[in-house]
file input-v6.txt (compact mmCIF, C-alpha atoms)
# COMPACT_ATOMS: atom_id res chain seq x y z
CA MET A 136 40.26 16.25 -8.47
CA LYS A 137 37.64 17.26 -11.03
CA LYS A 138 34.97 15.37 -9.09
CA ILE A 139 35.91 17.10 -5.82
CA LEU A 140 35.84 20.56 -7.40
CA LEU A 141 32.54 19.80 -9.11
CA MET A 142 30.98 18.67 -5.82
CA GLY A 143 32.09 21.91 -4.19
CA PHE A 144 30.55 23.84 -7.09
CA VAL A 145 27.28 21.91 -6.78
CA GLY A 146 27.12 22.83 -3.09
CA VAL A 147 27.58 26.52 -3.87
CA VAL A 148 24.96 26.46 -6.61
CA LEU A 149 22.41 24.70 -4.41
CA GLY A 150 22.96 27.25 -1.68
CA GLY A 151 21.58 29.94 -3.96
CA CYS A 152 18.38 28.14 -4.96
CA SER A 153 14.91 29.59 -4.50
CA SER A 154 13.42 29.50 -1.01
CA LYS A 155 9.90 28.89 -2.36
CA PRO A 156 8.68 25.50 -1.00
CA ILE A 157 8.27 22.59 -3.40
CA ASN A 158 5.09 20.49 -3.48
CA LEU A 159 5.16 17.92 -0.69
CA PRO A 160 3.10 14.80 0.12
CA THR A 161 0.21 15.45 2.53
CA ASN A 162 1.80 13.31 5.25
CA VAL A 163 4.82 15.65 5.49
CA LYS A 164 4.53 18.41 8.08
CA THR A 165 6.85 21.42 7.94
CA ILE A 166 7.99 24.26 10.17
CA PRO A 167 9.07 27.76 9.09
CA SER A 168 12.79 28.26 8.58
CA GLY A 169 12.58 31.90 9.63
CA THR A 170 13.52 33.13 6.15
CA GLY A 171 10.82 34.14 3.67
CA GLN A 172 8.49 31.33 2.59
CA SER A 173 11.05 28.59 3.18
CA THR A 174 10.34 25.69 5.52
CA TYR A 175 12.03 22.63 6.98
CA ILE A 176 10.69 19.10 7.24
CA ASP A 177 9.29 18.59 10.75
CA GLN A 178 7.52 15.21 10.69
CA ILE A 179 6.49 12.49 8.27
CA ASP A 180 3.40 10.54 9.34
CA HIS A 181 3.17 6.91 8.24
CA SER A 182 0.57 5.76 10.79
CA PHE A 183 -1.61 2.86 9.63
CA ILE A 184 -4.14 0.23 10.59
CA PRO A 185 -2.55 -3.24 10.29
CA ALA A 186 -4.24 -6.18 8.61
CA LYS A 187 -4.02 -8.32 11.75
CA ILE A 188 -4.08 -7.98 15.53
CA LEU A 189 -0.68 -6.95 16.86
CA ASN A 190 1.06 -7.06 20.20
CA PHE A 191 3.47 -4.37 21.38
CA SER A 192 6.24 -6.98 21.22
CA ASP A 193 5.66 -7.23 17.45
CA LEU A 194 6.47 -3.53 17.10
CA LYS A 195 9.66 -3.89 19.14
CA ILE A 196 10.87 -6.85 17.08
CA CYS A 197 10.24 -5.13 13.76
CA ALA A 198 11.74 -1.83 14.92
CA ALA A 199 14.91 -3.66 15.95
CA SER A 200 14.97 -5.44 12.57
CA VAL A 201 14.34 -2.43 10.32
CA PHE A 202 15.96 0.59 11.97
CA LYS A 203 19.77 0.79 12.07
CA ASN A 204 21.81 3.31 14.04
CA ASP A 205 25.17 2.89 12.34
CA THR A 206 28.21 5.11 12.71
CA VAL A 207 28.22 7.60 9.81
CA ILE A 208 31.47 8.67 8.15
CA LEU A 209 31.45 12.21 6.72
CA GLN A 210 34.25 13.58 4.56
CA ASP A 211 35.48 16.70 2.82
CA ALA A 212 38.64 17.87 1.09
CA SER A 213 38.44 21.53 2.12
CA ASN A 214 42.10 21.53 3.19
CA SER A 215 43.31 20.24 -0.16
CA TYR A 216 45.43 22.57 -2.28
CA VAL A 217 47.61 22.96 -5.35
CA GLY A 218 51.28 23.54 -4.56
CA VAL A 219 52.47 26.99 -5.61
CA PHE A 220 55.84 25.82 -6.82
CA THR A 221 55.14 22.22 -7.85
CA GLY A 222 51.69 22.61 -9.35
CA ASN A 223 50.79 19.29 -7.73
CA TYR A 224 47.40 18.74 -6.13
CA TYR A 225 47.57 17.69 -2.46
CA ASN A 226 44.41 15.90 -1.38
CA ASN A 227 43.95 16.38 2.38
CA THR A 228 40.75 14.49 3.13
CA LYS A 229 39.13 15.22 6.49
CA THR A 230 37.00 12.47 8.03
CA GLN A 231 34.61 12.56 10.97
CA ALA A 232 32.64 9.69 12.49
CA ILE A 233 29.19 10.53 13.86
CA GLY A 234 26.70 8.61 15.94
CA GLY A 235 26.08 4.94 16.10
CA GLY A 236 24.80 2.99 19.08
CA ASP A 237 21.51 1.75 20.45
CA VAL A 238 18.43 1.82 18.24
CA PHE A 239 15.97 2.32 21.11
CA LYS A 240 15.77 5.70 22.85
CA LEU A 241 12.58 4.79 24.74
CA ILE A 242 10.43 1.72 25.35
CA ASP A 243 7.38 2.36 27.54
CA GLU A 244 5.32 -0.80 27.99
CA PRO A 245 2.31 0.78 29.84
CA SER A 246 1.64 3.31 27.07
CA LYS A 247 2.76 0.93 24.29
CA THR A 248 5.14 3.57 22.98
CA LEU A 249 8.67 3.30 21.68
CA ILE A 250 11.10 5.69 20.06
CA ALA A 251 13.73 4.27 17.75
CA THR A 252 16.59 6.27 16.28
CA GLY A 253 18.59 5.52 13.18
CA ASN A 254 20.10 6.63 9.91
CA LYS A 255 20.02 5.54 6.29
CA LYS A 256 21.72 6.64 3.07
CA THR A 257 19.72 8.16 0.22
CA ALA A 258 20.05 6.92 -3.32
CA PRO A 259 22.75 8.86 -5.26
CA GLN A 260 21.56 12.30 -6.38
CA GLN A 261 22.69 15.09 -8.72
CA GLY A 262 24.00 12.70 -11.35
CA GLY A 263 25.37 10.32 -8.75
CA LEU A 264 27.67 12.91 -7.14
CA ILE A 265 25.79 13.35 -3.86
CA VAL A 266 24.68 10.85 -1.22
CA ASP A 267 23.04 12.09 1.98
CA SER A 268 22.79 10.29 5.30
CA ILE A 269 19.30 10.77 6.74
CA LYS A 270 19.07 10.73 10.54
CA TYR A 271 15.66 10.31 12.23
CA ASP A 272 13.65 9.29 15.26
CA ALA A 273 10.67 6.99 14.73
CA LYS A 274 7.95 7.32 17.38
CA ILE A 275 5.83 4.17 17.29
CA THR A 276 2.63 3.59 19.28
CA LEU A 277 -0.05 0.90 19.45
CA GLN A 278 -3.57 2.04 20.41
CA ASP A 279 -6.75 0.11 19.58
CA ASN A 280 -4.75 -1.85 17.00
CA LYS A 281 -3.78 1.33 15.17
CA VAL A 282 -0.05 1.76 14.70
CA GLY A 283 1.23 5.31 15.06
CA LEU A 284 4.41 5.72 13.04
CA ILE A 285 5.77 9.26 13.14
CA PHE A 286 9.24 10.10 11.84
CA GLN A 287 10.61 13.22 13.52
CA ASN A 288 13.91 15.01 14.21
CA ILE A 289 14.77 14.33 10.57
CA GLU A 290 18.11 15.72 9.43
CA ALA A 291 20.51 15.16 6.54
CA ALA A 292 24.27 15.23 6.13
CA GLN A 293 26.06 15.05 2.80
CA GLN A 294 28.56 12.20 3.03
CA ASN A 295 31.28 13.93 1.03
CA THR A 296 31.14 17.68 0.37
CA GLY A 297 34.28 17.82 -1.74
CA ALA A 298 36.06 21.17 -1.54
CA SER A 299 33.44 22.64 0.82
CA THR A 300 33.67 22.14 4.59
CA ASN A 301 31.38 19.33 5.77
CA SER A 302 29.31 20.83 8.58
CA GLY A 303 27.46 17.58 9.34
CA TYR A 304 23.75 17.12 9.94
CA ARG A 305 21.28 19.90 9.24
CA GLN A 306 17.54 20.42 9.01
CA ILE A 307 16.14 19.55 5.60
CA GLY A 308 14.81 22.45 3.58
CA THR A 309 11.76 22.00 1.39
CA TRP A 310 12.81 24.38 -1.37
CA SER A 311 14.11 23.41 -4.80
CA GLY A 312 17.65 22.05 -4.61
CA ALA A 313 17.58 21.21 -0.88
CA ARG A 314 17.21 17.49 -1.68
CA ALA A 315 14.05 16.97 0.37
CA PRO A 316 12.55 14.49 -2.15
CA ALA A 317 15.42 12.00 -1.60
CA ALA A 318 15.05 12.31 2.17
CA ILE A 319 11.30 11.71 1.97
CA GLU A 320 11.82 8.72 -0.34
CA THR A 321 14.32 7.26 2.14
CA ILE A 322 11.89 7.64 5.06
CA ASN A 323 9.10 6.16 2.92
CA GLY A 324 11.27 3.11 2.27
CA LEU A 325 11.89 2.63 5.99
CA ALA A 326 8.17 2.94 6.72
CA GLN A 327 7.32 0.36 4.06
CA SER A 328 9.91 -2.07 5.43
CA PHE A 329 8.47 -1.68 8.94
CA LYS A 330 4.92 -2.28 7.70
CA SER A 331 6.02 -5.32 5.69
CA CYS A 332 7.74 -6.76 8.75
CA LEU A 333 4.49 -6.58 10.71
CA ASN A 334 2.44 -8.36 8.04

call {"tool": "encode", "arguments": {"input": "input-v6.txt", "output": "structure tokens"}}
result
Amino acid sequence: MKKILLMGFVGVVLGGCSSKPINLPTNVKTIPSGTGQSTYIDQIDHSFIPAKILNFSDLKICAASVFKNDTVILQDASNSYVGVFTGNYYNNTKTQAIGGGDVFKLIDEPSKTLIATGNKKTAPQQGGLIVDSIKYDAKITLQDNKVGLIFQNIEAAQQNTGASTNSGYRQIGTWSGARAPAAIETINGLAQSFKSCLN
């Protein structure tokens, strides 16, 4: 019970954090949020020149190996309560399953372009209390043996929001407390795994 209440408190505290953007890597592009100086992550560019000559089939094989589009389970205990007469805590956990399915949204052989979609958990954050699921599209191209690797449509959902209602996936803010660094680290890990697969 203490953990659930604390997670709800953390969510409230983070909601009131400064909207001033944090320092971001140069490969991260942002878009305005519409409120003050705050922005959202738009794209993360991990394009690179491989060490060897590649075929488009190599990209398809590695994309299928690295990117996973699993069903994501999100939870909250917003309907939990303490009985007025008994004083007992009644934990009513709500669960929703989101997504899952095919990894490939597009494979276009003539233009050597594919779009893969997937999701991956972040490492535990905020003292281990919070884990986000990061959802993304990876647009991958092969032109003149340069691999375009652009992560876009990046969103995050907290897996368990405790006493707060879990509203699912959202754009990722780049202000302090919005947990952008963990999302970026997760995307960076996927990009590195894809590059390693091609080598």

call {"tool": "atom_distance", "arguments": {"input": "input-v6.txt", "atom1": "CA of Phe191 (chain A)", "atom2": "CA of Asn162 (chain A)"}}
result
24.0 Å

call {"tool": "residues_around", "arguments": {"input": "input-v6.txt", "residues": "Lys247 (chain A)", "least_positions_apart": "6", "cutoff": "12 Å", "atoms": "only C-alpha atoms", "output": "mmCIF file with C-alpha atoms, keeping the file's coordinate frame"}}
result
data_model
loop_
_atom_site.group_PDB
_atom_site.id
_atom_site.type_symbol
_atom_site.label_atom_id
_atom_site.label_comp_id
_atom_site.auth_asym_id
_atom_site.auth_seq_id
_atom_site.Cartn_x
_atom_site.Cartn_y
_atom_site.Cartn_z
ATOM 1 C CA LEU A 189 -0.680 -6.950 16.860
ATOM 2 C CA ASN A 190 1.060 -7.060 20.200
ATOM 3 C CA PHE A 191 3.470 -4.370 21.380
ATOM 4 C CA SER A 192 6.240 -6.980 21.220
ATOM 5 C CA ASP A 193 5.660 -7.230 17.450
ATOM 6 C CA LEU A 194 6.470 -3.530 17.100
ATOM 7 C CA LYS A 195 9.660 -3.890 19.140
ATOM 8 C CA LEU A 241 12.580 4.790 24.740
ATOM 9 C CA LYS A 274 7.950 7.320 17.380
ATOM 10 C CA ILE A 275 5.830 4.170 17.290
ATOM 11 C CA THR A 276 2.630 3.590 19.280
ATOM 12 C CA LEU A 277 -0.050 0.900 19.450
ATOM 13 C CA GLN A 278 -3.570 2.040 20.410
ATOM 14 C CA ASP A 279 -6.750 0.110 19.580
ATOM 15 C CA ASN A 280 -4.750 -1.850 17.000
ATOM 16 C CA LYS A 281 -3.780 1.330 15.170
ATOM 17 C CA VAL A 282 -0.050 1.760 14.700
ATOM 18 C CA GLY A 283 1.230 5.310 15.060
#

call {"tool": "closest_residue", "arguments": {"input": "input-v6.txt", "among": "A:Gln293, A:Thr161, A:Asn301, A:Lys256", "to": "Thr228 (chain A)", "atoms": "all atoms listed in the file"}}
result
A:Asn301

call {"tool": "residues_around", "arguments": {"input": "input-v6.txt", "residues": "region 286-291 of chain A", "least_positions_apart": "2", "cutoff": "6 Å", "atoms": "all atoms listed in the file", "output": "count of residues only"}}
result
12

call {"tool": "closest_residue", "arguments": {"input": "input-v6.txt", "among": "A:Ile184, A:Leu333, A:Ala326, A:Ala313", "to": "Ile157 (chain A)", "atoms": "all atoms listed in the file"}}
result
A:Ala313

call {"tool": "residues_around", "arguments": {"input": "input-v6.txt", "residues": "region 229-233 of chain A", "least_positions_apart": "4", "cutoff": "8 Å", "atoms": "all atoms listed in the file", "output": "PyMOL selection string"}}
result
chain A and resi 206-214

call {"tool": "closest_residue", "arguments": {"input": "input-v6.txt", "among": "A:Ile319, A:Val266, A:Ser311, A:Pro167", "to": "Gln294 (chain A)", "atoms": "all atoms listed in the file"}}
result
A:Val266

call {"tool": "closest_residue", "arguments": {"input": "input-v6.txt", "among": "A:Gly262, A:Asn334, A:Phe329, A:Val201", "to": "Ile188 (chain A)", "atoms": "only C-alpha atoms"}}
result
A:Asn334

call {"tool": "residues_around", "arguments": {"input": "input-v6.txt", "residues": "Phe202 (chain A)", "least_positions_apart": "6", "cutoff": "8 Å", "atoms": "only C-alpha atoms", "output": "NGL selection string"}}
result
:A and (238 or 251-254 or 325)

call {"tool": "closest_residue", "arguments": {"input": "input-v6.txt", "among": "A:Ala198, A:Val163, A:Ile250, A:Pro156", "to": "Cys332 (chain A)", "atoms": "only C-alpha atoms"}}
result
A:Ala198

call {"tool": "closest_residue", "arguments": {"input": "input-v6.txt", "among": "A:Ser200, A:Ser173, A:Thr257, A:Asn227", "to": "Glu320 (chain A)", "atoms": "all atoms listed in the file"}}
result
A:Thr257

call {"tool": "atom_distance", "arguments": {"input": "input-v6.txt", "atom1": "CA of Asp243 (chain A)", "atom2": "CA of Lys187 (chain A)"}}
result
22.2 Å
